[in-house]
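Report on the following structure.
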Amino acid sequence: MSETIIEMKNVSFQYEYTQVLNDISFQVKEGDFLAILGPNGSGKSTLLKLLLGIIKPMAGEIKLFGQPNDSFREREWIGYVSQKSNAFNSGFPATVEEVVKSGLSKKVGLFKRMPKDAKERVHQTLKSVGMEKFSDRNIGQLSGGQQQRVFIARALISEPKVLILDEPTVGIDHENVQSFYDMLATLNKEQNITIILVTHDVDTVSNRISHVACLNQTIHFHGYKEDFDSISQEQLDKWQGHAVRKIH
Amino acid sequence: MIAAILNYEFLQNAFYSGLIIGVIAPVLGVFIVVRRMSLIADALSHVTLAGIAGSLYLSQSISSLALLNPIYLGIAASVSGSILIERLRSLYKHYEELAIPIIMSGGIGLSAIFISLASGFNTDMMSYLFGSVSAVSRHDLWIVIFIAIVVFVFLFTFFKEMFVLSFDEEYAKASGLPAKWIHLLFMIVVALVIAASMRIVGILLVSSLITLPVAASMRIAKGFKQTIFYSILFGEAAVIIGLVSAFYLNLAPGGTIVVTSIIILFLVIIGKKSVLKIKAERG
C-alpha cells in the first residue's frame, strides 16, 4: 500500500462572493500520475494554490504527507512549475545555471549559503531534463519548451517527492509537448516522483497518466485512467461544459 | 585631486562616500530594475526631500534643533515612504503603480510647504537637490558607512531568497519563502540607500545611480552575478569621473555623475551594436 501524499477533505474556497471550489475531497498516493482536467474557471489554479499553501481554505482540511498544510514545513518535497506565460520576466538577466540553482534555496534554508556541490547538482539535474548544454545561456534566449524544462529542473534539484504543474505546456508547440510529457512520464516511473498535472491537453497526456480528476468547482470524477475511459462523452460534457474531449 | 584628497577632509568625505555609494546603489539597483520597481526609487527620493526640507525648516525655527543633521529626518521620511508604498500597493492590487504618483506628489507637496516655510531655497537646499562635493561632513560619511554595512548584511543573508523572489514571485511563495517580509526589508534597505546617496548625487538624481549602471550592465552581462559586477563597475566609474570633474569644473556632482552614467550607457549600447555587426559581417 503506497503512502498517501496529499489529502483534501471537504475543502471549499470562495473569492468574495463567488464560490470557486465546493466540497472537494480526494487523495493522491505516492507514485500516482494525476491529471486534473477542467474548463476555464473551474477552480484548477485555485486548487493548486491551496495545495501549495499560498491561500487557505474557507472550510475543510488539507493534509500533505499526513501533516496539516498549515504546519507542513518540508516545502522542498513539493516541486512546483507554473504556467510559463505569467511566471517570469523573460528579460531577466540570469543564466540557466543560476535559475536552476535557485531551486535549492528553500532546501538550504534561510541564513545559509549554497552547498559546495551545487554546481555539480545543477549539471546532473539539467542532464535529467536534457538541457545540460544550455547551462551558460541566459534564460530569456531559450524557447518556451526549453524554458519549461529548465523550470522542471529548478523544481527537481531539491529532490521533491511530488511535482505540481499548472498547465505547463501552454504556448509550446505540439511536437515539444509530446517530448515534454515523455520526460514527465520517465520521472514518474524511474524516480517514483508523484505528479499532479493541471492541463487542457487530455488527448496528449492520456496514455501517460495513471489517474484523472475532473474538476468543475467540485470533483465530478476521480479515479483510475481506465475507469475514466469508460465514462460516456455525454456525461463528461455535462460536467465540463464541452471542455474535455475524449479520444478513442 | 589625489593630493587635494589627502589634504582636505571635506574631499575625503565626499570621495569615500561616493565610492561606497557607487557600490551599494547599483547593487540594489539590479534587484530594483529586474523587479520593475525603478520608479519606486524616484518616488522615495522625493519623500526623502520632504524629510530634509522639514528638518531644515525645524532647525531654522527651533534653536535647539539648529545643529540637527537633516539626513536623519530624510532617512525617517524615506523609510516611512517605503512602508507606505507597500501598504498602498496592497490596497490597489490591480493598480500597483498608483502608489508611485501618490507618494511622489505627496513628497514634493510636503517639500514645497517646508521650503516656503523656511523662506525659500538656500545653498544648503541646493546641495541636497543636486549633490555637493564640499557639503559632505565626516558625520555624513559615518552614516553612509553604517548604511553600507546594513546593505551588505541584508544581501549576504538574503541573496538567494532575493534572487528567487525577483525572478518569480509566485514560485517564491509556493516554495514557502516569507516573501512579504523579505520584500519589506528590501524596501527599507532601498530607502536607506536613497537617503545615503542624496548627499553626493542629490535627491533629484539618486534614482539615476540606481538604474543607469544597471541599464548599461544588462546590455552586455551574461547571468545575474555578471550583471551585478558590471553594474558596480559602471557605477564606480560614473562616481569617480563625476566627482573629479565636479571638483575641477566647480559643478554639482549630481549632474556630472548622471551625465557620465548616460555617456557610459550610450557607449555600451553603441559598442554592443558594433560588435554584433562585426560578428554578423564575419558570418
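Chain lettering (A, B, ...) mirrors the order of the C-alpha cells, residue numbering begins at 1 for each chain separately, and ligand numbering begins at 1 in order of display.
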
Exercise. Show which residues sit within 9 Å of Ile108 (chain B), as a list in words. Count only C-alpha atoms, and ignore same-chain residues fewer than 5 positions away.
Key: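 Neighbouring residues, sequence-local ones excluded: His46, Val47, Leu49, Ala50, Ile103 and Ile113 of chain B.
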
With C-alpha atoms retained, could you export that selection as a PDB file, in the first residue's frame?
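Below you can see out.pdb, which holds the result:
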```
ATOM      1  CA  HIS B  46      11.094  62.793  -3.337  1.00  0.00           C
ATOM      2  CA  VAL B  47       9.791  61.658   0.031  1.00  0.00           C
ATOM      3  CA  LEU B  49      13.344  65.536   0.118  1.00  0.00           C
ATOM      4  CA  ALA B  50      10.293  66.236   2.289  1.00  0.00           C
ATOM      5  CA  ILE B 103       3.784  59.040  -2.722  1.00  0.00           C
ATOM      6  CA  ILE B 113       5.441  73.604   2.021  1.00  0.00           C
TER       7      ILE B 113
END
```

Quiz item: Mind checking DSSP for region 46-239 of chain A and telling me the strand (DSSP E or B) residues as a ChimeraX atom specification?
Solution: /A:59-64,67-68,78-81,95,138,162-166,194-199,211-216,218-224

Exercise. Please determine the contact residues of chain B with respect to chain A at a cut-off of 6 Å, counting only C-alpha atoms, and supply them as JSON, numbers by chain.
Key: {"B": [157, 168, 174, 175, 223, 224]}

Quiz prompt | Shell around region 116-121 of chain B at 9 Å using only C-alpha atoms, local window under 3 positions removed, as a PyMOL selection string | solution = chain B and resi 53-54+56-58+60-61+111-113+124-126

Export N, CA and C atoms of the chosen residues as an mmCIF file, in the first residue's frame?
```cif
data_model
loop_
_atom_site.group_PDB
_atom_site.id
_atom_site.type_symbol
_atom_site.label_atom_id
_atom_site.label_comp_id
_atom_site.auth_asym_id
_atom_site.auth_seq_id
_atom_site.Cartn_x
_atom_site.Cartn_y
_atom_site.Cartn_z
ATOM 1 N N ALA B 53 13.743 68.832 3.836
ATOM 2 C CA ALA B 53 13.194 70.182 3.892
ATOM 3 C C ALA B 53 12.576 70.441 5.261
ATOM 4 N N GLY B 54 11.873 69.429 5.769
ATOM 5 C CA GLY B 54 11.258 69.557 7.099
ATOM 6 C C GLY B 54 12.323 69.788 8.157
ATOM 7 N N LEU B 56 15.361 71.018 7.717
ATOM 8 C CA LEU B 56 15.983 72.341 7.546
ATOM 9 C C LEU B 56 15.076 73.423 8.143
ATOM 10 N N TYR B 57 13.769 73.259 7.923
ATOM 11 C CA TYR B 57 12.823 74.231 8.487
ATOM 12 C C TYR B 57 12.865 74.199 10.017
ATOM 13 N N LEU B 58 12.847 72.977 10.575
ATOM 14 C CA LEU B 58 12.878 72.837 12.031
ATOM 15 C C LEU B 58 14.130 73.474 12.618
ATOM 16 N N GLN B 60 15.772 75.840 11.480
ATOM 17 C CA GLN B 60 15.684 77.303 11.394
ATOM 18 C C GLN B 60 14.806 77.872 12.492
ATOM 19 N N SER B 61 13.703 77.163 12.759
ATOM 20 C CA SER B 61 12.711 77.772 13.637
ATOM 21 C C SER B 61 12.877 77.370 15.112
ATOM 22 N N SER B 111 7.502 68.909 0.593
ATOM 23 C CA SER B 111 8.760 69.651 0.445
ATOM 24 C C SER B 111 8.485 71.111 0.119
ATOM 25 N N ALA B 112 7.537 71.333 -0.805
ATOM 26 C CA ALA B 112 7.223 72.701 -1.214
ATOM 27 C C ALA B 112 6.769 73.513 -0.011
ATOM 28 N N ILE B 113 5.932 72.892 0.831
ATOM 29 C CA ILE B 113 5.441 73.604 2.021
ATOM 30 C C ILE B 113 6.603 73.956 2.953
ATOM 31 N N ASP B 124 22.202 75.383 1.070
ATOM 32 C CA ASP B 124 22.080 74.075 1.704
ATOM 33 C C ASP B 124 21.095 73.202 0.946
ATOM 34 N N MET B 125 19.931 73.787 0.645
ATOM 35 C CA MET B 125 18.881 73.077 -0.061
ATOM 36 C C MET B 125 19.370 72.637 -1.439
ATOM 37 N N MET B 126 20.066 73.546 -2.128
ATOM 38 C CA MET B 126 20.586 73.208 -3.453
ATOM 39 C C MET B 126 21.525 72.005 -3.374
#
```

Exercise. Considering only C-alpha atoms, state which residue in the set A:Phe151, A:Leu163, A:Val20, A:Gly144 is at the smallest distance from Phe167 (chain B).
Key: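 Of A:Phe151, A:Leu163, A:Val20, A:Gly144, the one nearest Phe167 (chain B) is A:Phe151, counting only C-alpha atoms.
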
Self-check item: Atom-to-atom span, CA of Ser78 (chain B) and CA of Ala172 (chain B), Å
Solution: 26.8 Å

Quiz item: If you count only C-alpha atoms, which residues fall within 8 Å of region 173-185 of chain A, apart from same-chain ones fewer than 5 positions away, as a PyMOL selection string?
Solution: chain A and resi 129+145+149+195+204-205+208-209

Quiz item: Skipping near chain neighbours, those fewer than 5 positions away, what residues fall within 10 Å of region 208-220 of chain B using only C-alpha atoms, listed as a ChimeraX atom specification?
Solution: /A:91-93 /B:21-34,37-39,41-42,190,193-194,197,201,226-239,254,257-269,271-273
